[in-house]
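Chemist: Sharing structure37.txt, compact mmCIF, C-alpha atoms and all ligand atoms:
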# COMPACT_ATOMS: atom_id res chain seq x y z
CA MET A 27 -0.12 33.19 -57.27
CA SER A 28 0.71 31.26 -60.46
CA ASN A 29 0.26 27.50 -60.67
CA GLU A 30 3.98 27.00 -60.61
CA LYS A 31 4.23 28.82 -57.28
CA VAL A 32 1.30 26.91 -55.82
CA HIS A 33 3.21 23.68 -56.36
CA GLU A 34 6.13 25.04 -54.42
CA ILE A 35 4.45 25.87 -51.18
CA VAL A 36 4.18 23.27 -48.45
CA LEU A 37 0.74 22.03 -47.60
CA TRP A 38 0.23 20.27 -44.32
CA GLU A 39 -0.36 16.59 -44.97
CA ASP A 40 -1.29 13.75 -42.66
CA LYS A 41 1.91 11.97 -43.56
CA TYR A 42 3.68 14.57 -41.39
CA LYS A 43 1.53 13.88 -38.35
CA THR A 44 3.38 12.42 -35.38
CA GLY A 45 0.40 12.37 -33.03
CA ILE A 46 2.48 14.27 -30.46
CA GLU A 47 0.76 17.62 -30.11
CA LEU A 48 3.85 19.63 -29.28
CA ILE A 49 5.80 18.27 -32.26
CA ASP A 50 2.89 18.63 -34.65
CA LYS A 51 2.51 22.27 -33.56
CA GLN A 52 6.19 22.91 -34.26
CA HIS A 53 5.99 21.14 -37.61
CA HIS A 54 3.04 23.39 -38.50
CA THR A 55 5.25 26.38 -37.70
CA LEU A 56 7.87 24.93 -40.05
CA VAL A 57 5.24 24.76 -42.80
CA ASP A 58 4.36 28.43 -42.17
CA LEU A 59 7.99 29.57 -42.11
CA THR A 60 8.80 27.67 -45.31
CA ASN A 61 5.84 29.27 -47.05
CA GLN A 62 6.92 32.70 -45.80
CA LEU A 63 10.24 32.01 -47.47
CA PHE A 64 8.53 31.20 -50.76
CA LEU A 65 6.56 34.41 -50.37
CA ALA A 66 9.75 36.33 -49.65
CA CYS A 67 11.16 35.03 -52.96
CA ARG A 68 8.47 36.97 -54.76
CA ALA A 69 9.52 40.31 -53.31
CA GLY A 70 10.95 42.86 -55.75
CA ASP A 71 14.68 42.71 -56.34
CA ASP A 72 15.49 45.74 -54.23
CA VAL A 73 13.79 44.41 -51.13
CA LEU A 74 14.34 40.73 -51.87
CA ASN A 75 17.64 40.55 -50.10
CA VAL A 76 16.42 42.07 -46.85
CA VAL A 77 13.09 40.23 -46.75
CA PHE A 78 14.58 36.93 -47.86
CA GLN A 79 17.58 37.04 -45.52
CA ASP A 80 15.29 37.85 -42.62
CA ALA A 81 12.91 34.97 -43.43
CA MET A 82 15.82 32.62 -44.05
CA HIS A 83 17.47 33.32 -40.69
CA LYS A 84 14.12 32.94 -38.93
CA MET A 85 13.64 29.56 -40.58
CA VAL A 86 17.17 28.36 -39.79
CA ASP A 87 16.83 29.46 -36.14
CA TYR A 88 13.51 27.72 -35.80
CA VAL A 89 14.78 24.49 -37.35
CA ARG A 90 17.59 24.47 -34.75
CA PHE A 91 15.20 25.20 -31.89
CA HIS A 92 12.80 22.52 -33.08
CA PHE A 93 15.52 19.88 -33.50
CA THR A 94 16.77 20.58 -29.98
CA ALA A 95 13.22 20.25 -28.65
CA GLU A 96 12.73 17.00 -30.52
CA LEU A 97 15.89 15.52 -29.05
CA VAL A 98 14.78 16.43 -25.52
CA LEU A 99 11.61 14.47 -26.20
CA LEU A 100 13.41 11.52 -27.79
CA GLU A 101 15.84 11.28 -24.89
CA LYS A 102 13.04 11.38 -22.33
CA ILE A 103 11.07 8.63 -24.08
CA GLN A 104 14.32 6.65 -24.46
CA TYR A 105 13.99 6.33 -28.19
CA PRO A 106 16.26 3.42 -29.20
CA ASP A 107 17.42 5.16 -32.40
CA PHE A 108 18.24 8.42 -30.57
CA GLN A 109 21.90 8.65 -31.59
CA ASN A 110 21.14 8.07 -35.24
CA HIS A 111 18.31 10.61 -35.21
CA LYS A 112 20.58 13.14 -33.52
CA LYS A 113 23.22 12.59 -36.17
CA MET A 114 20.67 13.16 -38.92
CA HIS A 115 19.72 16.49 -37.32
CA ILE A 116 23.36 17.55 -37.11
CA ASP A 117 23.94 16.64 -40.78
CA LEU A 118 20.77 18.39 -41.86
CA ILE A 119 21.65 21.58 -39.97
CA ARG A 120 25.14 21.48 -41.44
CA ASN A 121 23.69 21.18 -44.95
CA VAL A 122 21.26 24.03 -44.31
CA LEU A 123 23.98 26.29 -42.91
CA ASP A 124 26.29 25.47 -45.84
CA ALA A 125 23.53 26.27 -48.31
CA ALA A 126 22.70 29.50 -46.44
CA LYS A 127 26.37 30.49 -46.45
CA GLU A 128 26.68 29.70 -50.13
CA TYR A 129 23.61 31.80 -50.77
CA ASP A 130 24.97 34.66 -48.64
CA GLU A 131 28.35 34.65 -50.31
CA GLY A 132 28.12 33.79 -53.95
CA LYS A 133 24.44 33.69 -54.74
CA LYS A 134 25.07 30.46 -56.59
CA LEU A 135 21.65 29.43 -55.41
CA THR A 136 18.62 31.42 -56.40
CA PRO A 137 16.26 32.12 -53.48
CA ASN A 138 13.73 29.71 -54.97
CA ASN A 139 16.26 26.94 -55.27
CA PHE A 140 17.42 27.52 -51.75
CA VAL A 141 13.89 27.26 -50.35
CA ARG A 142 13.05 24.21 -52.45
CA THR A 143 16.15 22.43 -51.17
CA LEU A 144 15.41 23.42 -47.58
CA ARG A 145 11.80 22.28 -47.92
CA ASP A 146 12.79 18.91 -49.35
CA TRP A 147 15.37 18.28 -46.63
CA VAL A 148 13.17 19.26 -43.71
CA PHE A 149 9.92 17.69 -44.85
CA GLY A 150 11.64 14.61 -46.24
CA HIS A 151 13.09 14.09 -42.76
CA ILE A 152 9.75 14.63 -41.05
CA ALA A 153 7.81 12.32 -43.37
CA VAL A 154 10.25 9.44 -42.91
CA TYR A 155 12.34 9.64 -39.75
CA ASP A 156 10.00 11.56 -37.49
CA LYS A 157 7.28 9.08 -38.38
CA MET A 158 9.56 6.35 -37.03
CA TYR A 159 9.78 7.84 -33.55
CA ALA A 160 6.08 8.69 -33.78
CA SER A 161 5.16 5.04 -34.06
CA TYR A 162 7.56 4.20 -31.23
CA ALA A 163 5.93 6.90 -29.05
CA ALA A 164 2.45 5.65 -29.96
CA ASP A 165 3.52 2.18 -28.88
CA GLN A 166 4.86 3.49 -25.58
CA LYS A 167 1.55 5.30 -25.05
CA ARG A 168 -0.43 2.15 -25.73
CA LYS A 169 1.68 0.26 -23.23
CA GLY A 170 1.12 3.03 -20.68
CA ILE A 171 4.85 3.74 -20.42
CA LEU A 172 4.39 7.20 -21.92
CA THR A 173 1.55 9.18 -20.38
CA GLU A 174 -0.07 12.52 -21.21
CA THR A 175 1.31 13.90 -17.95
CA MET A 176 4.83 12.95 -19.01
CA LEU A 177 4.29 14.58 -22.39
CA ARG A 178 3.12 17.79 -20.68
CA GLU A 179 6.21 17.76 -18.46
CA ILE A 180 8.39 17.35 -21.53
CA GLU A 181 6.56 20.22 -23.21
CA THR A 182 7.32 22.45 -20.23
CA ALA A 183 10.98 21.43 -20.31
CA ILE A 184 11.21 22.19 -24.01
CA GLY A 185 9.36 25.48 -23.63
CA ASN A 186 11.92 26.64 -21.08
CA GLU A 187 14.69 26.01 -23.55
CA GLY A 188 13.10 28.10 -26.27
FE FE B 1 13.68 14.83 -36.40
Let me see whether you can do it: turn the structure in this file into structure tokens.
Ligand SMILES: [Fe+2]

Modeler:
Amino acid sequence: MSNEKVHEIVLWEDKYKTGIELIDKQHHTLVDLTNQLFLACRAGDDVLNVVFQDAMHKMVDYVRFHFTAELVLLEKIQYPDFQNHKKMHIDLIRNVLDAAKEYDEGKKLTPNNFVRTLRDWVFGHIAVYDKMYASYAADQKRKGILTETMLREIETAIGNEG
């Protein structure tokens, strides 16, 4: 892998950590899927389309699943900024789908550009807005309002939706 490519991949960083095991696990999966997309970009031209499209749809599906899961959690913990967070997810998904469609149709975006954009949107959101509910959740935990048992129940609820 050249240096240029190394800079493109996503490395897990503590700034992404929410302290909620379930969410951190899903965010790790997002790191893996994004890196698979970067890897798919390196496939030869003849297979690029198939490999890339497959990885792209997997990533888009997982982002949607993860966002739904996150909202279940945020609703259960009565996150005060729930509506705003939900709106950000809707906008982000819309942007991703538009970019995917644009890629599918006109190839105005190169695969690398598409993945870079996707990476910046998703991880920009995680590093800023997910950290906000993370500190709220940590506070609720400290106050004893949010317990490990509750978190496990939420995890089960989310798992059933996947
Ligand atoms: Fe989020």

Chemist: Smallest atom-to-atom distance to ligand FE 1 (chain B): which of A:Leu48, A:Met158, A:Ile152, A:Ile180, using only C-alpha atoms and all ligand atoms?

Modeler: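 For ligand FE 1 (chain B), the nearest of the candidates is A:Ile152.
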
Chemist: Go ahead and compute the interatomic distance for CA of Asn139 (chain A) and CA of Ile35 (chain A), in Å to one decimal.

Modeler: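 Going from CA of Asn139 (chain A) over to CA of Ile35 (chain A), I get 12.5 Å.
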
Chemist: At what distance in Å, to one decimal, does atom FE of ligand FE 1 (chain B) lie from CA of Asp156 (chain A)?

Modeler: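 Going from CA of Asp156 (chain A) over to atom FE of ligand FE 1 (chain B) covers 5.0 Å.
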
Chemist: List as a tab-separated table every residue of chain A that is in contact with ligand FE 1 (chain B), defined as an atom at most 12 Å from one of its atoms (using all atoms listed in the file), together with the nearest atom pair and the distance in Å rounded to one decimal, sorted by chain and then rising number.

Modeler:
residue	atom	partner	partner_atom	distance
A:Tyr42	CA	B:FE1	FE	11.2
A:Thr44	CA	B:FE1	FE	10.6
A:Ile49	CA	B:FE1	FE	9.5
A:Asp50	CA	B:FE1	FE	11.6
A:Gln52	CA	B:FE1	FE	11.2
A:His53	CA	B:FE1	FE	10.0
A:Val89	CA	B:FE1	FE	9.8
A:Arg90	CA	B:FE1	FE	10.5
A:Phe91	CA	B:FE1	FE	11.4
A:His92	CA	B:FE1	FE	8.4
A:Phe93	CA	B:FE1	FE	6.1
A:Thr94	CA	B:FE1	FE	9.2
A:Ala95	CA	B:FE1	FE	9.5
A:Glu96	CA	B:FE1	FE	6.3
A:Leu97	CA	B:FE1	FE	7.7
A:Val98	CA	B:FE1	FE	11.1
A:Leu99	CA	B:FE1	FE	10.4
A:Leu100	CA	B:FE1	FE	9.2
A:Tyr105	CA	B:FE1	FE	11.8
A:Asp107	CA	B:FE1	FE	11.1
A:Phe108	CA	B:FE1	FE	9.8
A:Gln109	CA	B:FE1	FE	11.4
A:Asn110	CA	B:FE1	FE	10.1
A:His111	CA	B:FE1	FE	6.4
A:Lys112	CA	B:FE1	FE	7.7
A:Lys113	CA	B:FE1	FE	9.8
A:Met114	CA	B:FE1	FE	7.6
A:His115	CA	B:FE1	FE	6.3
A:Ile116	CA	B:FE1	FE	10.1
A:Asp117	CA	B:FE1	FE	11.3
A:Leu118	CA	B:FE1	FE	9.6
A:Ile119	CA	B:FE1	FE	11.0
A:Trp147	CA	B:FE1	FE	10.9
A:Val148	CA	B:FE1	FE	8.6
A:Phe149	CA	B:FE1	FE	9.7
A:Gly150	CA	B:FE1	FE	10.1
A:His151	CA	B:FE1	FE	6.4
A:Ile152	CA	B:FE1	FE	6.1
A:Ala153	CA	B:FE1	FE	9.5
A:Val154	CA	B:FE1	FE	9.1
A:Tyr155	CA	B:FE1	FE	6.3
A:Asp156	CA	B:FE1	FE	5.0
A:Lys157	CA	B:FE1	FE	8.8
A:Met158	CA	B:FE1	FE	9.4
A:Tyr159	CA	B:FE1	FE	8.5
A:Ala160	CA	B:FE1	FE	10.1

Chemist: What does the distance from CA of Lys84 (chain A) to CA of Leu144 (chain A) come to in Å, to one decimal?

Modeler: 12.9 Å

Chemist: Show which residues sit within 12 Å of Asp124 (chain A), as JSON, numbers by chain. Count all atoms listed in the file, and ignore same-chain residues fewer than 4 positions away.

Modeler: {"A": [86, 117, 118, 119, 120, 128, 129, 130, 131, 132, 134, 135, 140, 143, 144]}

Chemist: Quick one: everything within 8 Å of Phe64 (chain A), counting only C-alpha atoms, minus sequence neighbours fewer than 5 positions away in the same chain. Send it as a PDB file with C-alpha atoms, in the coordinates of the input.

Modeler:
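Output (result-v3.pdb):
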ATOM      1  CA  GLU A  34       6.130  25.040 -54.420  1.00  0.00           C
ATOM      2  CA  ILE A  35       4.450  25.870 -51.180  1.00  0.00           C
ATOM      3  CA  ASN A 138      13.730  29.710 -54.970  1.00  0.00           C
ATOM      4  CA  VAL A 141      13.890  27.260 -50.350  1.00  0.00           C
TER       5      VAL A 141
END

Chemist: My list of candidates is A:Met85, A:Leu59, A:Ala66, A:Ala126. Which is closest to Val36 (chain A) when distances are computed with all atoms listed in the file?

Modeler: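 Using all atoms listed in the file, the shortest distance to Val36 (chain A) belongs to A:Leu59.
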
Chemist: For Asn75 (chain A), find every residue with an atom within 12 Å (counting all atoms listed in the file), except residues of its own chain fewer than 2 positions away, and show them as a PyMOL selection string.

Modeler: chain A and resi 63+66-73+77-83+129-130+133+136-137

Chemist: Rank A:Ser161, A:Leu37, A:Gln62, A:Asp146 by their smallest atom-to-atom distance to Asn121 (chain A), using only C-alpha atoms, and report the top residue only.

Modeler: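 Among A:Ser161, A:Leu37, A:Gln62, A:Asp146, it is A:Asp146 that comes nearest to Asn121 (chain A).
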